[in-house]
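Printed here is upload-v6.pdb (PDB, C-alpha atoms):
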ATOM      1  CA  GLN A   1      95.031 -21.416-112.137  1.00  0.00           C
ATOM      2  CA  VAL A   2      96.195 -21.513-108.535  1.00  0.00           C
ATOM      3  CA  GLN A   3      93.748 -22.859-105.977  1.00  0.00           C
ATOM      4  CA  LEU A   4      94.048 -23.381-102.249  1.00  0.00           C
ATOM      5  CA  VAL A   5      91.001 -25.040-100.731  1.00  0.00           C
ATOM      6  CA  GLU A   6      90.688 -25.366 -96.969  1.00  0.00           C
ATOM      7  CA  SER A   7      88.437 -27.885 -95.267  1.00  0.00           C
ATOM      8  CA  GLY A   8      87.924 -29.464 -91.872  1.00  0.00           C
ATOM      9  CA  GLY A   9      86.569 -26.539 -89.918  1.00  0.00           C
ATOM     10  CA  GLY A  10      83.496 -26.750 -87.766  1.00  0.00           C
ATOM     11  CA  LEU A  11      82.017 -26.424 -84.300  1.00  0.00           C
ATOM     12  CA  VAL A  12      83.822 -28.150 -81.449  1.00  0.00           C
ATOM     13  CA  GLN A  13      83.688 -27.986 -77.663  1.00  0.00           C
ATOM     14  CA  ALA A  14      86.568 -26.552 -75.703  1.00  0.00           C
ATOM     15  CA  GLY A  15      89.216 -29.204 -75.186  1.00  0.00           C
ATOM     16  CA  GLY A  16      88.353 -30.917 -78.442  1.00  0.00           C
ATOM     17  CA  SER A  17      90.315 -31.377 -81.645  1.00  0.00           C
ATOM     18  CA  LEU A  18      90.010 -30.584 -85.336  1.00  0.00           C
ATOM     19  CA  ARG A  19      92.210 -31.288 -88.318  1.00  0.00           C
ATOM     20  CA  LEU A  20      92.285 -28.727 -91.094  1.00  0.00           C
ATOM     21  CA  SER A  21      93.390 -29.544 -94.614  1.00  0.00           C
ATOM     22  CA  CYS A  22      94.444 -27.291 -97.467  1.00  0.00           C
ATOM     23  CA  ALA A  23      94.502 -28.917-100.876  1.00  0.00           C
ATOM     24  CA  THR A  24      96.405 -27.029-103.532  1.00  0.00           C
ATOM     25  CA  SER A  25      96.595 -27.024-107.296  1.00  0.00           C
ATOM     26  CA  GLY A  26      98.387 -24.941-109.874  1.00  0.00           C
ATOM     27  CA  ILE A  27     101.615 -24.539-107.890  1.00  0.00           C
ATOM     28  CA  SER A  28     104.825 -26.518-107.513  1.00  0.00           C
ATOM     29  CA  PHE A  29     103.747 -27.426-104.012  1.00  0.00           C
ATOM     30  CA  SER A  30     106.998 -28.972-102.804  1.00  0.00           C
ATOM     31  CA  ALA A  31     108.859 -25.713-103.438  1.00  0.00           C
ATOM     32  CA  TYR A  32     106.465 -23.577-101.427  1.00  0.00           C
ATOM     33  CA  LYS A  33     106.551 -22.603 -97.800  1.00  0.00           C
ATOM     34  CA  MET A  34     103.064 -23.304 -96.471  1.00  0.00           C
ATOM     35  CA  GLY A  35     101.373 -21.573 -93.603  1.00  0.00           C
ATOM     36  CA  TRP A  36      98.196 -21.187 -91.630  1.00  0.00           C
ATOM     37  CA  TYR A  37      96.792 -17.876 -90.448  1.00  0.00           C
ATOM     38  CA  ARG A  38      93.593 -17.022 -88.631  1.00  0.00           C
ATOM     39  CA  GLN A  39      91.292 -14.064 -88.319  1.00  0.00           C
ATOM     40  CA  ALA A  40      88.780 -13.566 -85.561  1.00  0.00           C
ATOM     41  CA  PRO A  41      85.838 -11.182 -86.016  1.00  0.00           C
ATOM     42  CA  GLY A  42      86.968  -7.586 -85.600  1.00  0.00           C
ATOM     43  CA  HIS A  43      90.629  -8.549 -85.572  1.00  0.00           C
ATOM     44  CA  GLN A  44      93.465  -8.650 -88.059  1.00  0.00           C
ATOM     45  CA  ARG A  45      94.647 -11.834 -89.669  1.00  0.00           C
ATOM     46  CA  VAL A  46      97.462 -13.339 -87.615  1.00  0.00           C
ATOM     47  CA  TYR A  47     100.075 -15.991 -88.099  1.00  0.00           C
ATOM     48  CA  VAL A  48      99.475 -19.466 -86.677  1.00  0.00           C
ATOM     49  CA  ALA A  49     102.058 -21.862 -88.080  1.00  0.00           C
ATOM     50  CA  ALA A  50     104.303 -22.550 -91.051  1.00  0.00           C
ATOM     51  CA  ILE A  51     106.225 -25.393 -92.604  1.00  0.00           C
ATOM     52  CA  SER A  52     109.111 -24.902 -94.977  1.00  0.00           C
ATOM     53  CA  GLU A  53     109.704 -26.782 -98.182  1.00  0.00           C
ATOM     54  CA  ARG A  54     112.189 -28.866 -96.190  1.00  0.00           C
ATOM     55  CA  GLY A  55     109.691 -29.642 -93.461  1.00  0.00           C
ATOM     56  CA  HIS A  56     110.912 -27.245 -90.790  1.00  0.00           C
ATOM     57  CA  THR A  57     108.023 -26.039 -88.654  1.00  0.00           C
ATOM     58  CA  ASP A  58     107.303 -22.876 -86.707  1.00  0.00           C
ATOM     59  CA  TYR A  59     104.413 -21.860 -84.482  1.00  0.00           C
ATOM     60  CA  ALA A  60     102.903 -18.798 -82.904  1.00  0.00           C
ATOM     61  CA  GLU A  61     103.306 -18.806 -79.135  1.00  0.00           C
ATOM     62  CA  ALA A  62      99.550 -19.030 -78.653  1.00  0.00           C
ATOM     63  CA  VAL A  63      99.359 -22.462 -80.285  1.00  0.00           C
ATOM     64  CA  LYS A  64     102.711 -24.051 -79.434  1.00  0.00           C
ATOM     65  CA  GLY A  65     102.271 -27.492 -77.955  1.00  0.00           C
ATOM     66  CA  ARG A  66      98.649 -27.720 -79.109  1.00  0.00           C
ATOM     67  CA  PHE A  67      98.781 -27.377 -82.910  1.00  0.00           C
ATOM     68  CA  THR A  68     100.854 -29.365 -85.383  1.00  0.00           C
ATOM     69  CA  ILE A  69     101.435 -28.418 -89.006  1.00  0.00           C
ATOM     70  CA  SER A  70     102.417 -31.038 -91.557  1.00  0.00           C
ATOM     71  CA  ARG A  71     102.519 -31.467 -95.295  1.00  0.00           C
ATOM     72  CA  ASP A  72     102.092 -34.229 -97.851  1.00  0.00           C
ATOM     73  CA  ASN A  73     103.959 -33.240-100.987  1.00  0.00           C
ATOM     74  CA  ALA A  74     102.559 -36.147-102.974  1.00  0.00           C
ATOM     75  CA  LYS A  75      99.012 -34.964-102.257  1.00  0.00           C
ATOM     76  CA  LYS A  76      99.963 -31.259-102.466  1.00  0.00           C
ATOM     77  CA  THR A  77      98.202 -30.750 -99.175  1.00  0.00           C
ATOM     78  CA  VAL A  78      99.074 -29.079 -95.889  1.00  0.00           C
ATOM     79  CA  PHE A  79      97.420 -29.970 -92.595  1.00  0.00           C
ATOM     80  CA  LEU A  80      96.880 -28.343 -89.243  1.00  0.00           C
ATOM     81  CA  GLN A  81      96.104 -30.662 -86.357  1.00  0.00           C
ATOM     82  CA  MET A  82      94.536 -28.634 -83.573  1.00  0.00           C
ATOM     83  CA  ASN A  83      94.261 -30.163 -80.125  1.00  0.00           C
ATOM     84  CA  THR A  84      93.067 -28.847 -76.785  1.00  0.00           C
ATOM     85  CA  LEU A  85      91.085 -26.171 -78.565  1.00  0.00           C
ATOM     86  CA  GLN A  86      90.134 -23.082 -76.607  1.00  0.00           C
ATOM     87  CA  HIS A  87      87.411 -20.504 -77.128  1.00  0.00           C
ATOM     88  CA  GLU A  88      90.156 -18.064 -78.123  1.00  0.00           C
ATOM     89  CA  ASP A  89      90.958 -20.275 -81.131  1.00  0.00           C
ATOM     90  CA  THR A  90      87.633 -19.363 -82.714  1.00  0.00           C
ATOM     91  CA  ALA A  91      88.411 -17.760 -86.075  1.00  0.00           C
ATOM     92  CA  THR A  92      88.452 -18.231 -89.797  1.00  0.00           C
ATOM     93  CA  TYR A  93      91.566 -20.178 -90.698  1.00  0.00           C
ATOM     94  CA  PHE A  94      93.370 -19.412 -93.947  1.00  0.00           C
ATOM     95  CA  CYS A  95      95.960 -21.412 -95.817  1.00  0.00           C
ATOM     96  CA  ASN A  96      98.904 -19.580 -97.374  1.00  0.00           C
ATOM     97  CA  ALA A  97     101.445 -20.613 -99.998  1.00  0.00           C
ATOM     98  CA  HIS A  98     104.611 -18.562-100.346  1.00  0.00           C
ATOM     99  CA  TYR A  99     107.541 -18.793-102.730  1.00  0.00           C
ATOM    100  CA  TYR A 100     109.743 -15.738-103.273  1.00  0.00           C
ATOM    101  CA  GLY A 101     107.477 -13.244-105.047  1.00  0.00           C
ATOM    102  CA  SER A 102     104.455 -15.517-105.188  1.00  0.00           C
ATOM    103  CA  ASN A 103     101.915 -15.490-102.382  1.00  0.00           C
ATOM    104  CA  TYR A 104      98.537 -17.214-102.470  1.00  0.00           C
ATOM    105  CA  TRP A 105      95.608 -17.541-100.055  1.00  0.00           C
ATOM    106  CA  GLY A 106      92.706 -19.883 -99.672  1.00  0.00           C
ATOM    107  CA  GLN A 107      89.154 -18.776 -98.979  1.00  0.00           C
ATOM    108  CA  GLY A 108      89.235 -19.852 -95.336  1.00  0.00           C
ATOM    109  CA  THR A 109      87.442 -22.338 -93.133  1.00  0.00           C
ATOM    110  CA  GLN A 110      85.551 -21.422 -89.982  1.00  0.00           C
ATOM    111  CA  VAL A 111      86.517 -22.898 -86.637  1.00  0.00           C
ATOM    112  CA  THR A 112      84.207 -22.244 -83.713  1.00  0.00           C
ATOM    113  CA  VAL A 113      85.084 -23.438 -80.219  1.00  0.00           C
ATOM    114  CA  SER A 114      82.269 -23.417 -77.701  1.00  0.00           C
ATOM    115  CA  SER A 115      83.215 -22.836 -74.087  1.00  0.00           C
TER
END

Translate the structure of the given file into structure tokens.
Amino acid sequence: QVQLVESGGGLVQAGGSLRLSCATSGISFSAYKMGWYRQAPGHQRVYVAAISERGHTDYAEAVKGRFTISRDNAKKTVFLQMNTLQHEDTATYFCNAHYYGSNYWGQGTQVTVSS
């Protein structure tokens, strides 16, 4: 059974930091491209960042320079370090695992940034 479990969300003041984690099981983690997406109330889910199986990273323009995605293949976990948080970053953050025809999502973790 595939599981992606996000953690690390919470309430933080603008300018603060949070580190999200996504622990996985049931997949060959090192072979998967891992990503983070977010969904604000009343909006569609949008791309935030991704890291390839080789460690190459990519970011949405809105978070470049503030967020850092990383992975620990031994722990089968992907991280999202979020710095200089803004009110606009408030959303539910979802972890995604992608490998060819396989695509899995976590249940999400809420991030709320107070201005």

Using all atoms listed in the file, which protein or nucleic acid residues come within 12 Å of Lys76 in chain A? Drop anything in the same chain fewer than 2 positions from it, and give the result as a compact mmCIF listing (two decimals) with C-alpha atoms, in the frame of the given file.
# COMPACT_ATOMS: atom_id res chain seq x y z
CA GLN A 3 93.75 -22.86 -105.98
CA LEU A 4 94.05 -23.38 -102.25
CA VAL A 5 91.00 -25.04 -100.73
CA SER A 21 93.39 -29.54 -94.61
CA CYS A 22 94.44 -27.29 -97.47
CA ALA A 23 94.50 -28.92 -100.88
CA THR A 24 96.40 -27.03 -103.53
CA SER A 25 96.60 -27.02 -107.30
CA GLY A 26 98.39 -24.94 -109.87
CA ILE A 27 101.62 -24.54 -107.89
CA SER A 28 104.82 -26.52 -107.51
CA PHE A 29 103.75 -27.43 -104.01
CA SER A 30 107.00 -28.97 -102.80
CA ALA A 31 108.86 -25.71 -103.44
CA TYR A 32 106.46 -23.58 -101.43
CA LYS A 33 106.55 -22.60 -97.80
CA MET A 34 103.06 -23.30 -96.47
CA GLU A 53 109.70 -26.78 -98.18
CA SER A 70 102.42 -31.04 -91.56
CA ARG A 71 102.52 -31.47 -95.30
CA ASP A 72 102.09 -34.23 -97.85
CA ASN A 73 103.96 -33.24 -100.99
CA ALA A 74 102.56 -36.15 -102.97
CA VAL A 78 99.07 -29.08 -95.89
CA PHE A 79 97.42 -29.97 -92.60
CA ALA A 97 101.44 -20.61 -100.00

Could you expand the PyMOL selection byres ((chain A and resi 108) around 6) into the explicit residues it covers here, written as a list in words?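 Listing what the PyMOL selection byres ((chain A and resi 108) around 6) selects in the shown file: Glu6, Thr92, Tyr93, Phe94, Gly106, Gln107 and Thr109 of chain A.
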
If the box runs along x, y and z of the file and leaves 5 Å on each side of range 86-97 of chain A, what are its centre and edge lengths in Å, one decimal, as AutoDock Vina command-line options?
--center_x 94.4 --center_y -20.4 --center_z -88.3 --size_x 24.0 --size_y 15.3 --size_z 33.4

Please report the interatomic distance between CA of Arg45 in chain A and CA of Ala91 in chain A in Å with one decimal. 9.3 Å

Protein/DNA/RNA residues near (97.1, -16.7, -81.4), cut 8 Å, all atoms listed in the file, as a count of residues only: 9

Name the residues in contact with Gln86 in chain A at a cut-off of 12 Å, using all atoms listed in the file, excluding same-chain residues fewer than 5 positions from it; report them as a count of residues only. 18
